[in-house]
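**Student:** Please see the structure below; I have some questions.
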Amino acid sequence: MASLEIRDLRFTYEDLVMRFDLDAEAGECIGVIGPSGAGKSTLLSLIGGFERPLGGTIRVDGRDITSLPPSERPVTSLFQDFNLFPHLTVADNVGLGRNPGLKLNMADREHVALALRQVGLAGFEARLPGQLSGGERQRVALARSLIRHRPLLLLDEPYAALGPALRIEMLELTDRLRKAEGLTVLLVTHDPSEATRIAGRTAFVSEGRVVLFDRTDAVLASPLPQVRQYLGG
Amino acid sequence: MRLTIPSLILAAILGIASAAADTPKLTVYTYSSFTADWGPGPKITPIFEKQCGCKIEWVGVEDGAALLSRLKLEGKNTPADVVLGLDTSLTAEAASTGLIAPHGVDLNALKLPIAWDDKDFVPFDYGTFAFMWDAEKLQDPPKSLADLAQGGAEPKILLEDPRTSTPGLGLMLWVKAVYGDKAGEIWKGIAPKILTVSKSWDEAYGLFTKGEAPLVLSYTTSEAYHVMEENTQRYKALVFPEGNYMQIEVAGMLATSKHADLAKQFLQFLISPDFQKAIPTTNWMLPVTDIGSDLPPVFGQLPQPAKTLLLTPDEVAAHREAWIKEWLSAVGQ
Amino acid sequence: MTRIGLAVAALIVAAVLADYVALLWGASGTDLASLAADSYLRHVIGFTILQATLSALLALLGAIPAARALARQSDFPGRQLILQFCALPMVMPSVAAIFGIVAIYGRSGYLAGLAAQLGSGWMPNIYGLTGILIAHVFFNLPLAIRLLLPAWGTVPAESWRLAAQLGMNSRQIFRLIELPLLRQYVPAAFAFVFILCFLSFAVVLTLGGGPRATTLEVAIYQALRMDFDLARGGALALLQTLICLLLVGVAWAVSRRLDFGRGVLNAGIRMDGAGRGAQLRDFATIALAIAFVALPIVALLFDGLRGLLVARFDAGPTARATLVTLALGLPSGIIATALGYAIAAAVDRLRRRRGAVMLIGAAGLSGIIASPMAIGAGITLGLTGRVDLFAIAPVGVIAMNALLTLPFATGVLLPAIARINQQYDRLCAGLGLSGWNRFRVVDWPLLRRSIGLACGLASAAAMGDLTAIALFGNPSLTNLTLLLYQQIAAYRLDSASGTALILLALCLGTFAAIERGVGFRGVS
């Protein structure tokens with residue numbers, strides 16, 4: 001379990017000047033909502049280490065990780081799509097989380113099989129991503145995040161392309177895994193019901209800032225004009 | 001705009017190509033360097049066109065061999081009236097096609113090192129093959145062909161391939177003319193000295209002037225160029241006691257020509273002083289008639305070979321294939 | 001588009017076949033069976049395959065790391081210029097390339113001079129297989145880089161982020177991502193370079209050091225020009241084409257389509273290329289590849305400047321030849337691009353039908369797999385008495401060059417079109433977009449860059465033409481390449497170097513103008 005502490009994290013993209021502050025407690029699931037282009041994905045990219053901030057700090061369990069390369073951060077990022085290499089089997093795609101050169105021993109293989117069982121894909125080892133459905137592909141990616149044992153899981157609209165029933169199923173799987181593994185989760189979503197379902201607290205991001213950070217139901221009910229405009233109704 | 005500029009240029013070129021429709025047109029096939037701006041073509045064209053009241057349409061192909069093969073491919077359908085630029089190693093084959101008509105030109109004015117009695121072809125210039133020697137790179141040049149075939153791998157020489165080039169074929173015939181059945185052995189002796197065998201004279205001579213080797217197979221007239229145009233004595237032509245082989249360039253008229261009179265008039269023109277005067281400094285070859293003081297002095301001072309060698313066209317045609325095989329196996333296939 | 005492509009392809013293949021048939025028809029009755037027993041020929045074929053295989057292997061061995069470094073360092077200073085520079089060797093007349101290479105690596109070249117300065121008695125000897133390979137890599141390394149580079153563009157940013165997150169090092173990324181990726185691009189690039197080297201003629205003879213180095217094209221020359229044995233020439237040309245086609249078939253069979261899909265993220269910087277060490281390595285790789293190609297060109301440049309400044313400059317002929325080069329090269333390049341587009345579109349559309357693909361593929365490549373010597377002879381044989389070759393020369397030269405440079409356009413457009421189709425076919429079908437409307441709204445904006453590159457390459461190649469110009473032989477159509485040969489033939493080597501310089505500058509300018517003018521607003 002790990003806590004997250006973001007202080008004055010600055011970045012610019014085109015005209016937008018961003019400045020983030022955010023805290024997450026260990027084992028917590030936080031929803032991140034807000035209009036397109038507000039900087040939600042950038043926030044996740046900065047935490048994942050794919051973008052270099054202009055200033056500020058990111059701490060996990062009090063340790064400053066701001067200048068670590070992505071692979072050395074206690075973080076796993078899941079994108080909306082393309083989390084798998086199309087020419088590698090399911091087992092290899094998961095196995096990459098164990099060894100990035102795919103030098104896998106028997107124990108590694110067993111871990112892969114176990115992780116696949118955890119996400120409900122037992123026996124899928126030899127398949128190629130092209131033979132899987134969208135939901136199954138994201139399960140494979142989740143399995144890999146499990147095998148990496150990183151305490152922080154960043155999800156960038158990972159289930160947006162799935163149907164309602166499947167989406168609920170995947171959210172529940174994510175929540176189960178969070179509890180079982182003690183993960184701290186950040187979930188970027190456009191769907192308030194997703195946040196309601198698994199996020200205890202939610203951050204509302206607008207024009208490069210976290211303008212509101214509170215219990216999810218409080219955020220969704222906030223009278224703040226930006227929030228009302230975003231949620232509509 | 002990007003499209004229109006080239007199309008305007010194109011239209012202009014098309015216009016040039018199809019101008020002058022009513023004056024009679026004499027189509028002359030030749031090799032492309034003959035028609036280059038500094039070649040003989042532009043110099044002699046206006047003179048002849050004024051004489052004949054006609055227009056010359058030059059078609060320039062790659063070289064002499066391409067000329068013959070073009071004629072053979074076109075056969076009786078050829079639009080050519082005159083072919084200019086074959087040489088004595090190709091004339092027998094050219095004549096055997098039956099495409100060449102007897103020229104009927106009085107050749108008494110000729111002053112060639114050998115007698116000329118060919119009924120089909122009129123010679124218009126000639127050259128003597130010789131090794132050019134770079135005096136800055138080599139102290140002691142070979143004294144003879146036999147000398148070349150002895151003494152191991154130095155000095156290096158640049159040759160042309162007899163399969164693809166006229167001088168290359170010339171050297172092969174030269175060695176044959178001197179050594180006959182022993183030619184193979186001489187070639188075996190020369191082989192270690194060969195730096196490379198190029199496709200055509202262009203590459204070999206370019207490599208020579210860039211200093212890659214101190215000897216290259218060329219013509220005695222190459223020396224004249226360096227003296228006259230570059231004012232240098234560095235490059236000298238070597239003549240050998242065994243004799244040097246020669247190349248005679250000829251022209252002939254096509255039996256299918258619709259302008260037989262003009263064609264004959266053109267062949268006649270080739271040995272006139274007007275044409276012959278242009279040859280030395282445009283084609284860098286020797287005139288076939290005596291042009292007296294019009295011959296630049298440097299040409300008169302070129303080294304004269306002890307003997308001028310030339311196999312008959314029939315001999316060449318009959319044995320060329322076999323001799324090339326012999327050359328290939330001697331030089332090392 | 002599919003139908004146009006098929007028709008164009010059928011027409012081209014029919015024309016090439018008719019050409020060969022014309023040759024074999026005019027046969028004087030040679031015993032073709034004796035070809036197989038000819039030990040000279042067996043040696044020639046063996047040597048041709050050997051040198052082409054080694055040349056293609058070396059060119060790709062250099063191009064893969066260079067393209068990888070260029071892909072990884074997307075903000076490398078002067079990257080765009082380097083990519084445009086890659087078109088230069090394509091326009092280089094073989095004799096100029098030979099002089100440039102010899103000026104560096106020859107017995108009296110800069111390298112030998114350097115060795116002498118250092119007091120070493122060492123003297124480079126490139127005449128032989130070494131010289132052939134140096135020249136062929138010089139010609140084809142840049143081309144291979146340009147053919148391979150688009151491969152990296154097909155990988156979405158997500159994949160590179162994933163690699164960074166998983167902590168893959170450079171070697172692991174190469175093995176697990178780039179190697180599978182290259183598997184679909186390398187066979188085609190190999191085949192392309194192999195074929196270009198297979199048909200090499202003057203370079204092989206001149207740098208080969210002696211008649212041991214003889215290619216099949218030389219044997220075809222011998223048969224057609226010296227022996228006038230049309231049947232033998234036609235048979236050898238056919239054999240040459242078949243060997244090339246066979247290789248293309250093999251390349252097609254071993255390459256795998258691999259689609260990473262198009263990511264939603266903006267193209268990100270490659271993490272594995274961002275470190276100081278990786279940057280230095282990449283810069284060194286790029287510099288090495290560029291130096292290898294640039295050194296002979298720089299040597300020519302010095303000669304060329306001297307030719308322009310010191311030696312007599314043939315201003316009139318040079319200006320005319322420059323105009324002719326443009327007037328013939330640009331239309332050829334544009335037509336080649338249009339034909340290549342139709343052909344590439346048809347190949348992708350019909351990719352499940354092997355027969356059609358083979359037909360169209362053969363048409364797209366015929367410009368490089370058919371023997372230029374045999375094509376020329378066939379055209380002369382087939383058209384004399386029917387068409388006034390002299391009068392149609394401008395049109396004929398443009399048409400022939402469009403055919404000869406078609407493979408360059410097709411090679412660039414095929415992967416690009418395949419990608420666009422894969423991504424947008426369904427969307428377009430759903431919207432009812434087809435034909436011209438689809439081209440205008442979807443394909444043109446998305447393919448502009450590729451079309452620009454195709455047109456630039458094809459135009460550059462056409463500007464270096466000698467085959468077609470020499471065939472039609474109309475002296476008013478003297479382009480810079482022919483002018484250069486004429487200058488050498490008249491001993492004017494300095495002027496010839498100047499002409500080479502102008503040709504290279506013209507090629508670079510045209511290539512850059514087309515690539516930028518057509519492609520600058522395109523989507524990368």
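Identifiers for the structure tokens are assigned positionally: chains receive A, B, ... in sequence, residues are indexed from 1 per chain, and ligands are indexed from 1 in the order shown.
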Find the residues in chain C near chain B: any atom within 6 Å counts, using only C-alpha atoms. Write them as a JSON list (two decimals) with C-alpha atoms, in the first residue's frame.
**Tutor:**
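File selection_35.json, as written:
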[["chain", "number", "residue", "atom", "x", "y", "z"],
["C", 107, "ARG", "CA", 45.00, 4.35, -54.97],
["C", 108, "SER", "CA", 45.51, 8.10, -55.15],
["C", 202, "ALA", "CA", 29.26, 0.00, -65.58],
["C", 205, "LEU", "CA", 32.83, -3.74, -64.75],
["C", 206, "THR", "CA", 34.85, -0.66, -63.86],
["C", 209, "GLY", "CA", 39.01, -5.11, -61.49],
["C", 210, "GLY", "CA", 38.64, -7.39, -64.50],
["C", 211, "PRO", "CA", 36.33, -9.63, -66.50],
["C", 212, "ARG", "CA", 35.80, -11.92, -63.52],
["C", 225, "ARG", "CA", 25.19, -5.18, -79.18],
["C", 327, "ALA", "CA", 11.19, 19.28, -68.49],
["C", 381, "LEU", "CA", 12.39, -3.52, -83.09],
["C", 384, "THR", "CA", 10.44, 1.16, -86.29],
["C", 385, "GLY", "CA", 8.45, 1.73, -89.45],
["C", 470, "ALA", "CA", 20.15, 7.41, -75.46],
["C", 473, "GLY", "CA", 18.81, 9.88, -79.56],
["C", 474, "ASN", "CA", 17.34, 13.29, -80.29],
["C", 486, "GLN", "CA", 29.66, 13.99, -73.69],
["C", 488, "ILE", "CA", 34.04, 13.22, -70.51],
["C", 489, "ALA", "CA", 34.22, 11.88, -74.05]]
**Student:** Select all residues from chain A having any atom no more than 7 Å from an atom of chain C (counting only C-alpha atoms, ignoring ligands), output as a PDB file with N, CA and C atoms, in the first residue's frame.
**Tutor:**
ATOM      1  N   PHE A  50       6.026   9.661 -18.271  1.00  0.00           N
ATOM      2  CA  PHE A  50       6.131   9.779 -19.733  1.00  0.00           C
ATOM      3  C   PHE A  50       6.313  11.221 -20.182  1.00  0.00           C
ATOM      4  N   PRO A  70      10.305   5.881 -16.072  1.00  0.00           N
ATOM      5  CA  PRO A  70       9.018   5.200 -15.881  1.00  0.00           C
ATOM      6  C   PRO A  70       9.157   3.818 -15.252  1.00  0.00           C
ATOM      7  N   SER A  71      10.161   3.068 -15.701  1.00  0.00           N
ATOM      8  CA  SER A  71      10.230   1.686 -15.261  1.00  0.00           C
ATOM      9  C   SER A  71      10.628   1.569 -13.794  1.00  0.00           C
ATOM     10  N   PHE A  82      -4.158  -0.399 -26.962  1.00  0.00           N
ATOM     11  CA  PHE A  82      -2.752  -0.634 -27.341  1.00  0.00           C
ATOM     12  C   PHE A  82      -1.870  -0.907 -26.128  1.00  0.00           C
ATOM     13  N   ASN A  83      -2.438  -1.614 -25.151  1.00  0.00           N
ATOM     14  CA  ASN A  83      -1.621  -2.004 -24.011  1.00  0.00           C
ATOM     15  C   ASN A  83      -0.841  -3.275 -24.295  1.00  0.00           C
ATOM     16  N   PRO A  86       0.920  -6.578 -30.586  1.00  0.00           N
ATOM     17  CA  PRO A  86       0.047  -7.438 -31.379  1.00  0.00           C
ATOM     18  C   PRO A  86       0.698  -8.757 -31.806  1.00  0.00           C
ATOM     19  N   LEU A  96       6.139  -9.954 -19.992  1.00  0.00           N
ATOM     20  CA  LEU A  96       6.973  -8.748 -20.093  1.00  0.00           C
ATOM     21  C   LEU A  96       7.025  -7.997 -18.773  1.00  0.00           C
ATOM     22  N   GLY A  97       5.952  -8.121 -17.989  1.00  0.00           N
ATOM     23  CA  GLY A  97       5.914  -7.458 -16.695  1.00  0.00           C
ATOM     24  C   GLY A  97       6.891  -8.079 -15.712  1.00  0.00           C
ATOM     25  N   PRO A 100      11.510  -7.724 -18.977  1.00  0.00           N
ATOM     26  CA  PRO A 100      11.300  -6.991 -20.227  1.00  0.00           C
ATOM     27  C   PRO A 100      12.053  -7.594 -21.407  1.00  0.00           C
ATOM     28  N   GLY A 101      12.911  -8.581 -21.160  1.00  0.00           N
ATOM     29  CA  GLY A 101      13.573  -9.247 -22.279  1.00  0.00           C
ATOM     30  C   GLY A 101      12.957 -10.599 -22.550  1.00  0.00           C
TER      31      GLY A 101
END
**Student:** By how many Å are atom CA of A:Val17 and atom CA of C:Arg276 apart?
**Tutor:**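 Those two atoms sit 28.2 Å apart.
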**Student:** Would you list the contacts of stretch 497-512 of chain C as a VMD selection string, taking every protein, DNA or RNA residue within 9 Å and counting only C-alpha atoms, but skipping same-chain residues closer than 5 positions in sequence?
**Tutor:** chain C and resid 81 84 to 85 87 to 89 91 to 93 96 297 300 to 309 313 318 322 325 to 326 330 452 to 453 455 to 457 459 to 461 463 to 464 480 to 481 483 to 484 487 492 517
**Student:** Go ahead and save the residues from that selection, with C-alpha atoms, as a PDB file, in the first residue's frame.
**Tutor:**
ATOM      1  CA  LEU C  81      17.926  17.746 -44.748  1.00  0.00           C
ATOM      2  CA  GLN C  84      16.312  14.789 -48.562  1.00  0.00           C
ATOM      3  CA  PHE C  85      19.991  14.145 -49.063  1.00  0.00           C
ATOM      4  CA  ALA C  87      17.637  11.042 -52.744  1.00  0.00           C
ATOM      5  CA  LEU C  88      20.977  12.219 -54.150  1.00  0.00           C
ATOM      6  CA  PRO C  89      22.711   8.961 -55.073  1.00  0.00           C
ATOM      7  CA  VAL C  91      20.307  10.710 -59.637  1.00  0.00           C
ATOM      8  CA  MET C  92      24.062  10.227 -59.666  1.00  0.00           C
ATOM      9  CA  PRO C  93      25.392   9.040 -63.028  1.00  0.00           C
ATOM     10  CA  ALA C  96      30.334  10.295 -61.438  1.00  0.00           C
ATOM     11  CA  ILE C 297      29.790  13.438 -53.020  1.00  0.00           C
ATOM     12  CA  LEU C 300      32.883  15.432 -56.409  1.00  0.00           C
ATOM     13  CA  LEU C 301      31.737  18.778 -55.068  1.00  0.00           C
ATOM     14  CA  PHE C 302      35.303  20.055 -54.829  1.00  0.00           C
ATOM     15  CA  ASP C 303      36.025  18.869 -58.348  1.00  0.00           C
ATOM     16  CA  GLY C 304      32.710  20.312 -59.477  1.00  0.00           C
ATOM     17  CA  LEU C 305      33.382  23.744 -57.990  1.00  0.00           C
ATOM     18  CA  ARG C 306      36.779  23.756 -59.631  1.00  0.00           C
ATOM     19  CA  GLY C 307      35.065  22.747 -62.870  1.00  0.00           C
ATOM     20  CA  LEU C 308      32.583  25.601 -62.587  1.00  0.00           C
ATOM     21  CA  LEU C 309      35.029  28.253 -61.461  1.00  0.00           C
ATOM     22  CA  PHE C 313      32.152  26.455 -68.202  1.00  0.00           C
ATOM     23  CA  THR C 318      24.524  23.472 -69.425  1.00  0.00           C
ATOM     24  CA  THR C 322      19.238  21.835 -67.085  1.00  0.00           C
ATOM     25  CA  THR C 325      16.431  17.637 -67.309  1.00  0.00           C
ATOM     26  CA  LEU C 326      13.574  19.393 -65.545  1.00  0.00           C
ATOM     27  CA  LEU C 330       9.211  16.309 -63.596  1.00  0.00           C
ATOM     28  CA  GLY C 452       5.307  13.939 -52.066  1.00  0.00           C
ATOM     29  CA  LEU C 453       8.048  11.477 -51.218  1.00  0.00           C
ATOM     30  CA  CYS C 455       6.957  12.000 -56.568  1.00  0.00           C
ATOM     31  CA  GLY C 456      10.258  13.395 -55.307  1.00  0.00           C
ATOM     32  CA  LEU C 457      12.032  10.052 -55.563  1.00  0.00           C
ATOM     33  CA  SER C 459      11.412  12.667 -60.364  1.00  0.00           C
ATOM     34  CA  ALA C 460      14.935  12.473 -58.990  1.00  0.00           C
ATOM     35  CA  ALA C 461      15.437   9.066 -60.568  1.00  0.00           C
ATOM     36  CA  MET C 463      16.289  13.315 -63.863  1.00  0.00           C
ATOM     37  CA  GLY C 464      19.282  10.984 -63.843  1.00  0.00           C
ATOM     38  CA  LEU C 480      22.601  16.860 -67.758  1.00  0.00           C
ATOM     39  CA  THR C 481      23.540  13.181 -67.502  1.00  0.00           C
ATOM     40  CA  LEU C 483      25.936  16.211 -71.250  1.00  0.00           C
ATOM     41  CA  LEU C 484      28.245  14.877 -68.563  1.00  0.00           C
ATOM     42  CA  GLN C 487      32.002  16.183 -71.692  1.00  0.00           C
ATOM     43  CA  ARG C 492      36.451  17.863 -70.365  1.00  0.00           C
ATOM     44  CA  GLY C 517       5.441  21.582 -51.617  1.00  0.00           C
TER      45      GLY C 517
END
**Student:** Tell me, as a ChimeraX atom specification, which residues lie within 9 Å of stretch 299-301 of chain B, counting only C-alpha atoms; anything in the same chain fewer than 3 positions away does not count.
**Tutor:** /B:221,223-224,280,286,295-296,304
**Student:** Just write the chosen residues, C-alpha atoms, as a JSON list (two decimals), in the first residue's frame.
**Tutor:**
[["chain", "number", "residue", "atom", "x", "y", "z"],
["B", 221, "THR", "CA", 45.79, 12.19, -80.09],
["B", 223, "GLU", "CA", 48.50, 13.87, -76.00],
["B", 224, "ALA", "CA", 47.46, 16.65, -78.38],
["B", 280, "PRO", "CA", 41.30, 17.44, -85.10],
["B", 286, "LEU", "CA", 43.33, 12.64, -87.21],
["B", 295, "LEU", "CA", 46.38, 20.74, -89.07],
["B", 296, "PRO", "CA", 47.37, 22.17, -85.68],
["B", 304, "GLN", "CA", 54.53, 8.21, -85.04]]
**Student:** Between atom CA of A:Leu22 and atom CA of A:Ala160, what distance in Å does the model show, to one decimal?
**Tutor:**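 Atom-to-atom, atom CA of A:Leu22 to atom CA of A:Ala160, that is 23.9 Å.
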**Student:** Would you kindly return, as a ChimeraX atom specification, each protein, DNA or RNA residue with an atom no farther than 8 Å from any atom of stretch 139-144 of chain A, considering only C-alpha atoms and excluding same-chain residues fewer than 3 positions away?
**Tutor:** /A:78,83-84,90,93-97,112,115-116,118-121,135-136,147-148,170
